[in-house]
>>> print(open('work_5.cif').read())   # mmCIF, C-alpha atoms and all ligand atoms
data_final
#
loop_
_atom_site.label_atom_id
_atom_site.label_comp_id
_atom_site.auth_asym_id
_atom_site.auth_seq_id
_atom_site.Cartn_x
_atom_site.Cartn_y
_atom_site.Cartn_z
CA MET Y 1 51.83 12.47 86.85
CA LYS Y 2 52.58 13.44 83.26
CA ASP Y 3 55.82 15.36 82.69
CA LEU Y 4 54.21 18.50 81.32
CA LYS Y 5 57.46 20.40 81.02
CA LYS Y 6 58.74 18.07 78.33
CA ASP Y 7 55.63 18.57 76.15
CA LEU Y 8 55.09 22.29 76.56
CA LYS Y 9 53.92 23.87 73.35
CA GLY Y 10 52.42 27.24 72.66
CA LYS Y 11 53.33 30.60 73.99
CA TYR Y 12 55.25 29.61 77.12
CA ASN Y 13 57.76 27.30 75.51
CA GLY Y 14 60.94 29.28 76.24
CA ASN Y 15 62.52 29.35 79.70
CA GLU Y 16 59.18 29.93 81.44
CA SER Y 17 58.85 26.47 82.99
CA ASN Y 18 62.52 26.39 84.08
CA TYR Y 19 62.24 29.74 85.79
CA VAL Y 20 58.96 28.81 87.48
CA LEU Y 21 60.55 25.63 88.82
CA GLU Y 22 63.54 27.64 90.02
CA PHE Y 23 61.13 29.97 91.80
CA LEU Y 24 59.37 27.00 93.40
CA ASP Y 25 62.69 25.75 94.74
CA SER Y 26 62.21 27.70 97.95
CA GLU Y 27 65.60 26.70 99.36
CA ASN Y 28 67.45 28.22 96.43
CA ASP Y 29 69.37 31.21 97.78
CA ASP Y 30 69.39 32.96 94.40
CA ASN Y 31 65.66 33.60 94.79
CA LYS Y 32 66.39 35.74 97.85
CA LYS Y 33 69.58 37.34 96.60
CA SER Y 34 68.10 38.35 93.30
CA PRO Y 35 64.30 38.39 93.35
CA TRP Y 36 62.55 37.60 90.06
CA THR Y 37 60.84 40.99 89.97
CA TYR Y 38 64.26 42.63 90.25
CA ARG Y 39 65.58 40.53 87.36
CA PHE Y 40 62.49 41.21 85.22
CA GLU Y 41 62.52 44.94 85.98
CA SER Y 42 66.25 45.24 85.27
CA GLY Y 43 65.91 43.37 81.97
CA PHE Y 44 62.93 45.47 80.94
CA ALA Y 45 64.67 48.75 81.79
CA LYS Y 46 67.74 47.62 79.85
CA LEU Y 47 65.70 46.64 76.80
CA MET Y 48 63.97 50.03 76.78
CA GLY Y 49 67.13 51.98 77.66
CA VAL Y 50 65.55 53.73 80.67
CA LYS Y 51 66.60 54.21 84.30
CA CYS Y 52 63.61 52.74 86.13
CA ALA Y 53 61.09 49.96 85.60
CA ILE Y 54 58.45 49.18 88.22
CA ALA Y 55 56.58 45.88 87.90
CA HIS Y 56 52.85 45.84 88.67
CA ASN Y 57 50.08 43.26 88.66
CA SER Y 58 48.23 44.74 85.64
CA GLY Y 59 48.23 47.44 82.99
CA THR Y 60 45.38 49.12 84.86
CA SER Y 61 47.19 49.33 88.20
CA THR Y 62 50.21 50.80 86.37
CA LEU Y 63 48.08 53.66 85.05
CA HIS Y 64 46.60 54.22 88.50
CA SER Y 65 50.05 54.44 90.09
CA CYS Y 66 51.18 56.87 87.36
CA LEU Y 67 48.24 59.21 87.96
CA ASP Y 68 48.73 59.15 91.72
CA ALA Y 69 52.48 59.72 91.40
CA ILE Y 70 51.99 62.93 89.44
CA GLY Y 71 49.41 64.16 91.92
CA VAL Y 72 46.22 63.84 89.87
CA GLY Y 73 43.37 64.49 92.30
CA PHE Y 74 39.99 66.10 92.84
CA GLY Y 75 38.70 67.93 89.77
CA ASP Y 76 41.91 67.59 87.77
CA GLU Y 77 41.44 66.73 84.11
CA VAL Y 78 43.16 63.89 82.26
CA ILE Y 79 42.96 63.88 78.47
CA MET Y 80 42.72 60.51 76.74
CA PRO Y 81 41.55 59.18 73.37
CA ALA Y 82 37.79 58.69 73.01
CA GLN Y 83 38.42 55.33 71.43
CA THR Y 84 40.44 53.27 73.81
CA VAL Y 85 39.99 50.87 76.72
CA SER Y 86 37.76 52.13 79.55
CA MET Y 87 40.43 51.33 82.15
CA VAL Y 88 42.10 54.66 81.34
CA ALA Y 89 38.94 56.45 82.50
CA PHE Y 90 38.40 54.07 85.46
CA VAL Y 91 41.69 55.01 87.07
CA THR Y 92 41.08 58.71 86.37
CA ILE Y 93 37.70 58.62 88.10
CA SER Y 94 39.19 56.56 90.93
CA GLN Y 95 41.47 59.53 91.59
CA ASN Y 96 38.40 61.81 91.74
CA ALA Y 97 39.60 63.39 88.50
CA VAL Y 98 37.75 63.98 85.23
CA PRO Y 99 38.30 62.02 82.00
CA VAL Y 100 38.36 64.37 79.00
CA PHE Y 101 38.10 62.75 75.60
CA ALA Y 102 40.03 63.77 72.51
CA ASP Y 103 38.92 62.80 69.03
CA SER Y 104 40.70 60.31 66.75
CA ASP Y 105 42.87 60.89 63.75
CA PRO Y 106 40.86 59.44 60.83
CA ASP Y 107 43.87 57.69 59.27
CA THR Y 108 45.72 56.26 62.27
CA PHE Y 109 42.67 55.85 64.61
CA ASN Y 110 44.95 57.20 67.36
CA ILE Y 111 44.46 60.37 69.42
CA SER Y 112 44.37 63.56 67.33
CA PRO Y 113 47.04 66.03 68.55
CA GLU Y 114 44.91 68.95 67.33
CA ASP Y 115 41.92 67.85 69.35
CA PHE Y 116 44.12 67.15 72.37
CA GLU Y 117 45.23 70.79 72.27
CA LYS Y 118 41.63 72.00 71.96
CA LYS Y 119 40.61 70.05 75.08
CA ILE Y 120 43.28 71.60 77.36
CA THR Y 121 42.06 73.79 80.24
CA ASN Y 122 43.83 75.16 83.30
CA LYS Y 123 42.76 71.96 85.10
CA THR Y 124 44.54 69.61 82.68
CA LYS Y 125 47.21 67.68 84.52
CA ALA Y 126 48.02 64.77 82.21
CA VAL Y 127 47.50 63.31 78.77
CA ILE Y 128 47.49 59.59 78.08
CA PRO Y 129 48.25 58.92 74.42
CA VAL Y 130 47.42 55.28 73.82
CA HIS Y 131 49.32 53.62 70.98
CA MET Y 132 46.30 51.75 69.70
CA HIS Y 133 46.55 48.32 68.08
CA GLY Y 134 50.36 48.55 68.06
CA LEU Y 135 50.73 51.81 66.12
CA PRO Y 136 52.49 54.78 67.77
CA ALA Y 137 50.37 57.87 68.37
CA ASP Y 138 51.74 61.07 66.83
CA LEU Y 139 54.03 61.95 69.73
CA ASN Y 140 56.07 64.89 68.39
CA PRO Y 141 53.17 67.36 68.35
CA ILE Y 142 51.71 65.81 71.52
CA MET Y 143 54.99 66.32 73.41
CA LYS Y 144 55.34 69.88 72.10
CA ILE Y 145 51.82 70.85 73.16
CA ALA Y 146 52.19 69.08 76.51
CA ARG Y 147 55.49 70.84 77.31
CA LYS Y 148 53.99 74.22 76.40
CA HIS Y 149 51.12 73.68 78.86
CA ASN Y 150 53.08 71.83 81.55
CA ILE Y 151 51.09 68.62 81.12
CA VAL Y 152 52.56 65.24 82.06
CA VAL Y 153 52.61 62.65 79.26
CA ILE Y 154 51.86 59.04 80.22
CA GLU Y 155 52.29 56.78 77.20
CA ASP Y 156 50.00 53.76 77.26
CA CYS Y 157 52.06 51.08 75.51
CA ALA Y 158 49.87 48.12 76.53
CA GLN Y 159 49.32 47.21 72.89
CA SER Y 160 52.57 48.47 71.44
CA ILE Y 161 55.68 47.06 73.07
CA LEU Y 162 58.78 47.85 70.96
CA ALA Y 163 56.85 49.90 68.40
CA LYS Y 164 58.96 52.76 67.04
CA TYR Y 165 58.04 56.40 66.59
CA LYS Y 166 60.40 58.35 64.30
CA GLY Y 167 63.18 55.94 65.16
CA LYS Y 168 62.58 55.95 68.95
CA THR Y 169 61.04 53.14 70.97
CA VAL Y 170 57.60 54.10 72.25
CA GLY Y 171 57.48 54.38 76.01
CA THR Y 172 60.77 56.29 76.15
CA ILE Y 173 59.42 59.57 74.76
CA GLY Y 174 56.83 60.71 77.32
CA ASP Y 175 57.43 61.27 81.04
CA MET Y 176 56.50 57.68 81.84
CA ALA Y 177 54.91 54.70 80.12
CA SER Y 178 52.63 51.84 81.06
CA TYR Y 179 52.60 48.24 79.77
CA SER Y 180 50.16 45.37 80.21
CA PHE Y 181 51.10 41.69 80.17
CA GLU Y 182 47.58 40.24 80.23
CA THR Y 183 47.12 37.04 78.40
CA LYS Y 184 46.72 38.32 74.82
CA LYS Y 185 49.52 40.89 74.83
CA HIS Y 186 52.80 40.41 72.92
CA LEU Y 187 54.56 39.74 76.22
CA SER Y 188 52.20 37.78 78.41
CA THR Y 189 52.35 36.65 82.01
CA GLY Y 190 48.62 35.92 82.34
CA GLU Y 191 48.18 39.24 84.16
CA GLY Y 192 50.83 41.85 84.83
CA GLY Y 193 52.15 45.29 84.00
CA MET Y 194 55.19 47.56 84.08
CA VAL Y 195 55.84 51.29 84.32
CA ILE Y 196 59.02 52.76 82.90
CA THR Y 197 60.44 56.23 83.45
CA ASN Y 198 63.70 58.14 83.53
CA ASN Y 199 62.37 60.37 86.32
CA GLU Y 200 63.56 58.90 89.61
CA ASP Y 201 61.29 61.09 91.67
CA TYR Y 202 58.23 59.75 89.82
CA ALA Y 203 59.66 56.22 90.05
CA VAL Y 204 59.74 56.31 93.87
CA LYS Y 205 56.19 57.62 94.01
CA ILE Y 206 54.95 55.00 91.55
CA ARG Y 207 56.61 52.18 93.46
CA LYS Y 208 55.26 53.44 96.77
CA PHE Y 209 51.69 53.82 95.52
CA GLY Y 210 51.74 50.33 93.99
CA GLY Y 211 53.75 48.90 96.90
CA LEU Y 212 51.59 49.67 99.96
CA GLY Y 213 53.19 53.03 100.66
CA TYR Y 214 56.26 51.59 102.41
CA ARG Y 215 58.52 54.44 103.43
CA THR Y 216 61.71 52.57 102.60
CA LEU Y 217 60.90 51.74 98.97
CA THR Y 218 63.11 53.22 96.27
CA GLY Y 219 62.60 53.97 92.58
CA GLY Y 220 64.90 51.18 91.52
CA ALA Y 221 64.06 47.66 92.61
CA GLY Y 222 64.39 46.97 96.32
CA ILE Y 223 64.27 48.88 99.57
CA LYS Y 224 66.66 51.20 101.37
CA PRO Y 225 68.84 48.90 103.44
CA LEU Y 226 68.03 49.13 107.14
CA LEU Y 227 69.55 47.35 110.10
CA PRO Y 228 67.26 44.79 111.81
CA GLU Y 229 67.47 46.86 115.03
CA GLU Y 230 65.74 49.61 113.16
CA PHE Y 231 62.84 47.72 111.53
CA GLN Y 232 62.37 45.28 114.42
CA ASN Y 233 61.86 48.20 116.76
CA PRO Y 234 58.22 48.51 117.96
CA PHE Y 235 58.36 52.25 117.23
CA PHE Y 236 59.44 51.77 113.63
CA LYS Y 237 57.17 53.73 111.27
CA ARG Y 238 56.50 51.92 108.01
CA HIS Y 239 54.16 53.93 105.78
CA ASP Y 240 54.69 57.54 104.81
CA GLN Y 241 51.88 57.60 102.23
CA ILE Y 242 48.81 55.66 101.18
CA GLY Y 243 49.55 52.77 98.84
CA LEU Y 244 47.68 49.86 97.33
CA ASN Y 245 48.98 46.38 96.73
CA TYR Y 246 49.68 46.40 93.00
CA ARG Y 247 52.89 44.38 93.27
CA MET Y 248 53.76 41.75 90.72
CA PRO Y 249 54.04 38.27 92.27
CA GLU Y 250 57.48 36.65 92.00
CA VAL Y 251 56.22 33.69 90.00
CA VAL Y 252 54.69 36.08 87.46
CA ALA Y 253 57.99 37.94 87.15
CA ALA Y 254 59.74 34.60 86.48
CA ILE Y 255 57.40 34.03 83.51
CA GLY Y 256 57.86 37.65 82.42
CA LEU Y 257 61.64 37.32 82.37
CA ALA Y 258 61.43 34.27 80.12
CA GLN Y 259 59.01 36.07 77.80
CA LEU Y 260 61.31 39.08 77.73
CA GLU Y 261 64.13 36.90 76.42
CA ARG Y 262 61.99 36.21 73.34
CA ILE Y 263 60.18 39.52 72.97
CA GLU Y 264 61.83 40.50 69.67
CA PHE Y 265 60.73 37.18 68.18
CA LEU Y 266 57.20 37.53 69.58
CA VAL Y 267 56.84 41.01 68.09
CA GLU Y 268 58.35 40.01 64.76
CA ARG Y 269 55.93 37.11 64.43
CA ARG Y 270 52.93 39.43 64.73
CA ARG Y 271 54.48 41.71 62.13
CA LYS Y 272 54.83 38.72 59.79
CA VAL Y 273 51.18 37.81 60.33
CA ALA Y 274 50.20 41.39 59.47
CA GLU Y 275 52.12 41.06 56.19
CA PHE Y 276 49.64 38.37 55.06
CA TYR Y 277 46.70 40.68 55.68
CA LEU Y 278 48.50 43.62 54.03
CA ASP Y 279 49.13 41.45 50.95
CA ALA Y 280 45.42 40.62 50.80
CA LEU Y 281 44.57 44.34 50.77
CA ASN Y 282 47.02 45.21 47.99
CA ASP Y 283 44.45 46.17 45.35
CA CYS Y 284 41.61 47.05 47.69
CA ASP Y 285 40.72 50.68 48.38
CA TRP Y 286 37.72 50.06 50.62
CA ILE Y 287 39.40 48.25 53.53
CA ILE Y 288 41.94 50.71 54.85
CA PRO Y 289 44.63 49.77 57.39
CA GLN Y 290 46.04 52.20 59.95
CA LYS Y 291 48.38 54.66 58.25
CA VAL Y 292 52.00 54.08 59.30
CA GLU Y 293 54.02 57.31 59.09
CA ALA Y 294 57.65 57.34 57.90
CA ASP Y 295 60.19 56.08 60.46
CA CYS Y 296 57.46 54.41 62.51
CA VAL Y 297 57.20 50.70 63.24
CA HIS Y 298 53.76 49.18 63.85
CA VAL Y 299 53.86 46.05 66.04
CA TYR Y 300 50.33 44.91 65.15
CA TRP Y 301 48.78 43.86 68.43
CA THR Y 302 45.82 43.51 66.12
CA PHE Y 303 45.58 44.18 62.41
CA THR Y 304 43.04 47.00 62.42
CA VAL Y 305 41.30 48.45 59.38
CA ARG Y 306 38.52 50.87 58.52
CA TYR Y 307 35.84 49.13 56.50
CA GLU Y 308 34.25 51.18 53.71
CA GLY Y 309 32.45 48.26 52.03
CA MET Y 310 28.98 49.65 52.74
CA GLU Y 311 29.71 52.89 50.88
CA LYS Y 312 31.64 51.15 48.09
CA HIS Y 313 29.73 47.91 47.52
CA GLY Y 314 26.58 48.09 49.66
CA THR Y 315 27.90 45.28 51.87
CA SER Y 316 27.48 45.90 55.59
CA TRP Y 317 30.10 45.21 58.28
CA ARG Y 318 28.05 42.23 59.48
CA GLU Y 319 27.59 40.84 55.94
CA PHE Y 320 31.33 41.04 55.38
CA TYR Y 321 31.94 39.35 58.74
CA ASN Y 322 29.57 36.50 57.83
CA ALA Y 323 31.13 36.08 54.38
CA TYR Y 324 34.63 35.93 55.90
CA LYS Y 325 33.49 33.34 58.45
CA ASN Y 326 31.70 31.29 55.78
CA ASN Y 327 34.95 31.19 53.82
CA GLY Y 328 36.70 29.66 56.84
CA GLY Y 329 37.95 32.89 58.46
CA ASP Y 330 38.47 33.00 62.21
CA GLY Y 331 36.28 36.04 62.64
CA PHE Y 332 37.46 39.41 63.85
CA TYR Y 333 36.55 41.97 66.49
CA GLY Y 334 34.80 45.26 65.96
CA GLY Y 335 36.42 48.47 67.24
CA LEU Y 336 36.11 49.14 70.96
CA GLY Y 337 33.09 51.27 71.82
CA LEU Y 338 33.94 54.87 72.69
CA VAL Y 339 34.64 55.23 76.39
CA TYR Y 340 32.18 58.08 76.97
CA GLN Y 341 29.39 56.03 75.38
CA GLU Y 342 29.88 53.13 77.78
CA PRO Y 343 27.12 52.73 80.39
CA PHE Y 344 29.46 53.55 83.29
CA MET Y 345 29.95 57.07 81.87
CA GLN Y 346 26.31 57.55 80.98
CA GLU Y 347 24.59 56.13 84.07
CA LYS Y 348 24.92 58.58 86.89
CA PRO Y 349 24.24 56.09 89.75
CA PHE Y 350 27.73 54.70 89.39
CA LEU Y 351 29.31 58.13 89.41
CA ASN Y 352 27.11 59.19 92.35
CA HIS Y 353 28.37 56.33 94.43
CA ARG Y 354 31.97 57.02 93.46
CA LEU Y 355 32.35 60.76 93.68
CA PRO Y 356 31.85 63.48 96.26
CA LYS Y 357 28.65 65.47 95.69
CA ASP Y 358 30.50 68.63 94.68
CA HIS Y 359 32.52 66.84 92.02
CA PRO Y 360 32.49 68.57 88.59
CA LEU Y 361 31.28 65.34 86.96
CA LEU Y 362 28.11 65.53 89.07
CA GLN Y 363 27.61 69.26 88.54
CA GLY Y 364 26.76 68.86 84.86
CA LYS Y 365 29.96 70.68 83.84
CA PHE Y 366 31.01 67.95 81.44
CA ASN Y 367 29.06 66.78 78.45
CA TYR Y 368 29.51 63.21 77.26
CA GLU Y 369 26.77 63.36 74.64
CA ASN Y 370 26.98 62.04 71.09
CA GLY Y 371 28.83 64.48 68.86
CA LEU Y 372 31.65 65.04 71.38
CA CYS Y 373 34.27 63.31 69.17
CA PRO Y 374 32.71 63.10 65.69
CA ILE Y 375 35.60 61.37 63.91
CA ALA Y 376 35.88 58.65 66.52
CA GLU Y 377 32.09 58.25 66.45
CA SER Y 378 31.98 57.77 62.69
CA THR Y 379 35.12 55.59 62.51
CA GLN Y 380 34.44 53.22 65.41
CA PRO Y 381 31.53 51.28 63.85
CA LYS Y 382 33.63 50.68 60.73
CA LEU Y 383 36.66 49.20 62.46
CA MET Y 384 37.66 45.57 62.11
CA GLN Y 385 40.39 44.04 64.24
CA PHE Y 386 41.93 40.89 62.81
CA LYS Y 387 43.84 38.51 65.07
CA THR Y 388 47.63 38.51 64.85
CA ASN Y 389 48.47 36.09 67.66
CA TYR Y 390 48.95 33.05 65.45
CA ARG Y 391 51.85 30.85 66.40
CA ASP Y 392 51.59 28.91 63.16
CA LEU Y 393 52.41 31.21 60.23
CA GLU Y 394 50.83 28.77 57.75
CA GLU Y 395 47.52 29.22 59.60
CA ALA Y 396 47.95 32.99 59.45
CA LYS Y 397 48.74 32.82 55.73
CA LYS Y 398 45.49 30.92 55.22
CA GLN Y 399 43.59 33.70 57.00
CA GLY Y 400 45.16 36.24 54.65
CA GLN Y 401 44.07 34.18 51.66
CA ILE Y 402 40.53 33.94 53.05
CA LEU Y 403 40.47 37.73 53.43
CA LYS Y 404 41.54 38.13 49.80
CA LYS Y 405 38.94 35.64 48.61
CA THR Y 406 36.19 37.43 50.56
CA ILE Y 407 37.22 40.78 49.06
CA LYS Y 408 37.09 39.33 45.52
CA GLN Y 409 33.64 37.83 46.19
CA ILE Y 410 32.24 41.17 47.34
CA GLU Y 411 33.84 43.04 44.42
CA GLY Y 412 32.44 40.50 41.94
CA LYS Y 413 28.90 40.59 43.19
C1 LIG Y 501 45.60 50.13 75.81
C2 LIG Y 501 45.38 49.39 77.08
N1 LIG Y 501 45.54 50.03 78.25
C3 LIG Y 501 45.37 49.41 79.42
C4 LIG Y 501 45.01 48.08 79.46
C5 LIG Y 501 44.78 47.46 80.79
O1 LIG Y 501 45.64 46.41 81.03
P1 LIG Y 501 45.25 45.18 81.99
O2 LIG Y 501 44.22 44.36 81.29
O3 LIG Y 501 46.55 44.47 82.14
O4 LIG Y 501 44.77 45.76 83.26
C6 LIG Y 501 44.87 47.35 78.27
C7 LIG Y 501 44.58 45.91 78.26
O5 LIG Y 501 43.57 45.37 78.17
C8 LIG Y 501 45.03 48.03 77.04
O6 LIG Y 501 44.88 47.40 75.87
#
>>> encode(input="work_5.cif", output="C-alpha cells", more="lines below")
Ligand SMILES: Cc1ncc(COP(=O)(O)O)c(C=O)c1O
Amino acid sequence: MKDLKKDLKGKYNGNESNYVLEFLDSENDDNKKSPWTYRFESGFAKLMGVKCAIAHNSGTSTLHSCLDAIGVGFGDEVIMPAQTVSMVAFVTISQNAVPVFADSDPDTFNISPEDFEKKITNKTKAVIPVHMHGLPADLNPIMKIARKHNIVVIEDCAQSILAKYKGKTVGTIGDMASYSFETKKHLSTGEGGMVITNNEDYAVKIRKFGGLGYRTLTGGAGIKPLLPEEFQNPFFKRHDQIGLNYRMPEVVAAIGLAQLERIEFLVERRRKVAEFYLDALNDCDWIIPQKVEADCVHVYWTFTVRYEGMEKHGTSWREFYNAYKNNGGDGFYGGLGLVYQEPFMQEKPFLNHRLPKDHPLLQGKFNYENGLCPIAESTQPKLMQFKTNYRDLEEAKKQGQILKKTIKQIEGK
C-alpha cells in the first residue's frame, strides 16, 4: 500500500495524520488519559480566552444545544438575520419556537441592529447575530439592546473564526458562540462544531443536551468522577434530562487539534487572497465589498460584494458571471436565498408535520411574505461570493487579475 502520509498535500498537511495515527494506536494510554476532544476543547478555549469550550459534531448541533440550554421552547421567538443559512431557523423550529427575521444592513450585509430592536416582543428569548462571510456583525448596539430586553445573544461564528470586532475576538462578546468545522470552513475537520462560553451554568446544559443528557457531565471537558461501585450499581440513575448525541468523535477532534495549531496561518491566507480581489476593485464603484468598520478584522470566509453592474453598465449578474468565467475565472456563488423565502418556510405541510396544532406558526400569527425585510430582499440577488480557499496564492492572484480584466471589459463596452 502506498505511504499516503509521506505525500500528503492540501489542507491537512500539518500534524493531522500524526494525530490520527496516534488516535488509532488503541493501546496508547495517552488516548485514555487525555482524550482528543479534551485537548481540542482546551486548546480552543485557550485561543479564544474563554472558560468553556464544548465540542460538537456540527455547527447546526451547536446552535441546537445553545437554544435548548437557554430554555427556548414552545412559542418563544428567536431573532436572526433574514439572509443567513437556514440551519439557524431549523434548530429554532425544532425547539417549537418561532424564527423572526431581521433585515440586513445595506453596507455590511449583516443583521441590522435597528431592525433587530424593532422585531423584539415579550416572547423574544434570543438573538443570533451571524457574522456573515467572515465580517463581524455590529455587536455593540446588538449587545446593548439585548441587555436592555434580557435577550440572550448567541454569536454564530461559523464563517468568522478569529475575526475581530472593535479589537475583541468575535465569539467572546455575546453570551455564547457557535462554530462550524465543515469541510469548507477556515478550520475544517470534515464535519464538526464547537460552542464557547464563559457562563459555566450554560456550559453544563449545552454539554448535557449534546451529550445524551448524562447526569454526571460537567461544563468543562469530562465527567464528575464517580467510584465504580456507584456507576456499576444496578440502581444508578444516568440521565437527568433529555439529550441528543451531538458529540464530536475522537478522531475528528484529533484532526481539529492539528488544524487549530495552524489556524492563524489558515485565516491569514484567506485574508491575503481577499487582498487580490480588493486590489482588483480599487477604481471600481459598482462592485462594492462588505464595509469593514474601524477596529474590525474581516477574515473573508468568502469575498462577498454587492454587484451594481446592471444599474451602472446594463450588464446583468449572469452576464458578468459568464464574462468572468470566459476570462478563466473560477466562478462565484450568488448570495444565499433569504431563509423565509425558502420552501420549508413557505410550504405549510412541513410545518404541520413538525409543530403542534396550536403553535403560533400555524395560527397565521407570523407573516413571511415578500416585503418583510426589504433591504435583504433587494441586496440578496446582487451578491457575489468569490472563493477565498486557495492554497496557492499565485492561483488566487490570477483570479484577482481576471476580475480586474472583466471589470475593464464591461466598463469599455
Ligand atoms: C453561518 C453558519 N451557521 C451554521 C452553519 C451550520 O454548520 P454545519 O454545516 O457544520 O452544520 C453554517 C455552515 O454551513 C454556517 O455557515
>>> closest_atom_pairs(input="work_5.cif", of="chain Y", to="ligand LIG 501 (chain Y)", cutoff="9 Å", atoms="all atoms listed in the file", output="CSV")
residue,atom,partner,partner_atom,distance
Y:Asn57,CA,Y:LIG501,O3,7.5
Y:Ser58,CA,Y:LIG501,O3,3.9
Y:Gly59,CA,Y:LIG501,O1,3.4
Y:Thr60,CA,Y:LIG501,O4,3.8
Y:Ser61,CA,Y:LIG501,O4,6.6
Y:Thr62,CA,Y:LIG501,O4,8.0
Y:Leu63,CA,Y:LIG501,C3,7.6
Y:Thr84,CA,Y:LIG501,C1,6.4
Y:Val85,CA,Y:LIG501,C2,5.6
Y:Ser86,CA,Y:LIG501,C3,8.1
Y:Met87,CA,Y:LIG501,C3,6.0
Y:Val88,CA,Y:LIG501,C3,6.5
Y:Val130,CA,Y:LIG501,C1,5.8
Y:His131,CA,Y:LIG501,C1,7.0
Y:Met132,CA,Y:LIG501,C1,6.4
Y:His133,CA,Y:LIG501,C1,8.0
Y:Asp156,CA,Y:LIG501,C1,5.9
Y:Cys157,CA,Y:LIG501,C1,6.5
Y:Ala158,CA,Y:LIG501,C2,4.7
Y:Gln159,CA,Y:LIG501,O6,5.4
Y:Ser160,CA,Y:LIG501,C1,8.4
Y:Ser178,CA,Y:LIG501,C3,7.8
Y:Tyr179,CA,Y:LIG501,O1,7.3
Y:Ser180,CA,Y:LIG501,O3,4.2
Y:Phe181,CA,Y:LIG501,O3,5.7
Y:Glu182,CA,Y:LIG501,O3,4.8
Y:Thr183,CA,Y:LIG501,O3,8.3
Y:Lys184,CA,Y:LIG501,O5,8.4
Y:Lys185,CA,Y:LIG501,C7,7.8
Y:Gly190,CA,Y:LIG501,O3,8.8
Y:Glu191,CA,Y:LIG501,O3,5.8
Y:Gly192,CA,Y:LIG501,O3,5.7
Y:Gly193,CA,Y:LIG501,O3,6.0
>>> write_last_selection(input="work_5.cif", atoms="C-alpha atoms", output="short mmCIF file (atom, residue, chain, number, x, y, z; two decimals), in the coordinates of the input")
data_model
loop_
_atom_site.label_atom_id
_atom_site.label_comp_id
_atom_site.auth_asym_id
_atom_site.auth_seq_id
_atom_site.Cartn_x
_atom_site.Cartn_y
_atom_site.Cartn_z
CA ASN Y 57 50.08 43.26 88.66
CA SER Y 58 48.23 44.74 85.64
CA GLY Y 59 48.23 47.44 82.99
CA THR Y 60 45.38 49.12 84.86
CA SER Y 61 47.19 49.33 88.20
CA THR Y 62 50.21 50.80 86.37
CA LEU Y 63 48.08 53.66 85.05
CA THR Y 84 40.44 53.27 73.81
CA VAL Y 85 39.99 50.87 76.72
CA SER Y 86 37.76 52.13 79.55
CA MET Y 87 40.43 51.33 82.15
CA VAL Y 88 42.10 54.66 81.34
CA VAL Y 130 47.42 55.28 73.82
CA HIS Y 131 49.32 53.62 70.98
CA MET Y 132 46.30 51.75 69.70
CA HIS Y 133 46.55 48.32 68.08
CA ASP Y 156 50.00 53.76 77.26
CA CYS Y 157 52.06 51.08 75.51
CA ALA Y 158 49.87 48.12 76.53
CA GLN Y 159 49.32 47.21 72.89
CA SER Y 160 52.57 48.47 71.44
CA SER Y 178 52.63 51.84 81.06
CA TYR Y 179 52.60 48.24 79.77
CA SER Y 180 50.16 45.37 80.21
CA PHE Y 181 51.10 41.69 80.17
CA GLU Y 182 47.58 40.24 80.23
CA THR Y 183 47.12 37.04 78.40
CA LYS Y 184 46.72 38.32 74.82
CA LYS Y 185 49.52 40.89 74.83
CA GLY Y 190 48.62 35.92 82.34
CA GLU Y 191 48.18 39.24 84.16
CA GLY Y 192 50.83 41.85 84.83
CA GLY Y 193 52.15 45.29 84.00
#
>>> atom_distance(input="work_5.cif", atom1="CA of Asp283 in chain Y", atom2="CA of His313 in chain Y")
15.0 Å
>>> atom_distance(input="work_5.cif", atom1="CA of Gln385 in chain Y", atom2="CA of Leu336 in chain Y")
9.5 Å
>>> atom_distance(input="work_5.cif", atom1="CA of Glu117 in chain Y", atom2="CA of Ile70 in chain Y")
20.1 Å
>>> closest_residue(input="work_5.cif", among="Y:Ile111, Y:Val273, Y:Ile145, Y:Met248", to="Arg391 in chain Y", atoms="all atoms listed in the file")
Y:Val273
>>> residues_around(input="work_5.cif", residues="Gln341 in chain Y", least_positions_apart="6", cutoff="10 Å", atoms="all atoms listed in the file", output="list in words")
Ala82, Gln83, Glu347, Tyr368, Glu369, Asn370 and Glu377 of chain Y
>>> axis_aligned_box(input="work_5.cif", around="range 111-120 of chain Y", padding_each_side="5 Å", output="JSON")
{"center_x": 43.8, "center_y": 66.2, "center_z": 72.3, "size_x": 16.4, "size_y": 21.6, "size_z": 20.0}
>>> closest_residue(input="work_5.cif", among="Y:Met310, Y:Cys373, Y:Cys296, Y:Ile410", to="Lys118 in chain Y", atoms="all atoms listed in the file")
Y:Cys373
>>> residues_near_point(input="work_5.cif", point="(52.7, 58.4, 87.9)", cutoff="8 Å", atoms="all atoms listed in the file", output="VMD selection string")
chain Y and resid 63 to 71 154 176 202 to 203 205 to 206
>>> closest_atom_pairs(input="work_5.cif", of="range 122-236 of chain Y", to="range 36-52 of chain Y", cutoff="6 Å", atoms="all atoms listed in the file", output="Markdown table")
| residue | atom | partner | partner_atom | distance |
| --- | --- | --- | --- | --- |
| Y:Ile196 | CA | Y:Cys52 | CA | 5.6 |
| Y:Thr197 | CA | Y:Cys52 | CA | 5.4 |
| Y:Asn198 | CA | Y:Lys51 | CA | 4.9 |
| Y:Gly220 | CA | Y:Cys52 | CA | 5.8 |
| Y:Ala221 | CA | Y:Tyr38 | CA | 5.6 |
>>> residues_around(input="work_5.cif", residues="Met345 in chain Y", least_positions_apart="2", cutoff="10 Å", atoms="all atoms listed in the file", output="compact mmCIF listing (two decimals) with C-alpha atoms, in the frame of the given file")
# COMPACT_ATOMS: atom_id res chain seq x y z
CA SER Y 86 37.76 52.13 79.55
CA ALA Y 89 38.94 56.45 82.50
CA PHE Y 90 38.40 54.07 85.46
CA PRO Y 99 38.30 62.02 82.00
CA VAL Y 339 34.64 55.23 76.39
CA TYR Y 340 32.18 58.08 76.97
CA GLN Y 341 29.39 56.03 75.38
CA GLU Y 342 29.88 53.13 77.78
CA PRO Y 343 27.12 52.73 80.39
CA GLU Y 347 24.59 56.13 84.07
CA LYS Y 348 24.92 58.58 86.89
CA PRO Y 349 24.24 56.09 89.75
CA PHE Y 350 27.73 54.70 89.39
CA LEU Y 351 29.31 58.13 89.41
CA LEU Y 361 31.28 65.34 86.96
CA TYR Y 368 29.51 63.21 77.26
>>> residues_around(input="work_5.cif", residues="Tyr214 in chain Y", least_positions_apart="6", cutoff="12 Å", atoms="all atoms listed in the file", output="list in words")
Val204, Lys205, Ile206, Arg207, Lys208, Gly222, Ile223, Lys224, Phe231, Phe236, Lys237, Arg238, His239, Asp240, Gln241, Ile242, Gly243, Leu244 and Asn245 of chain Y
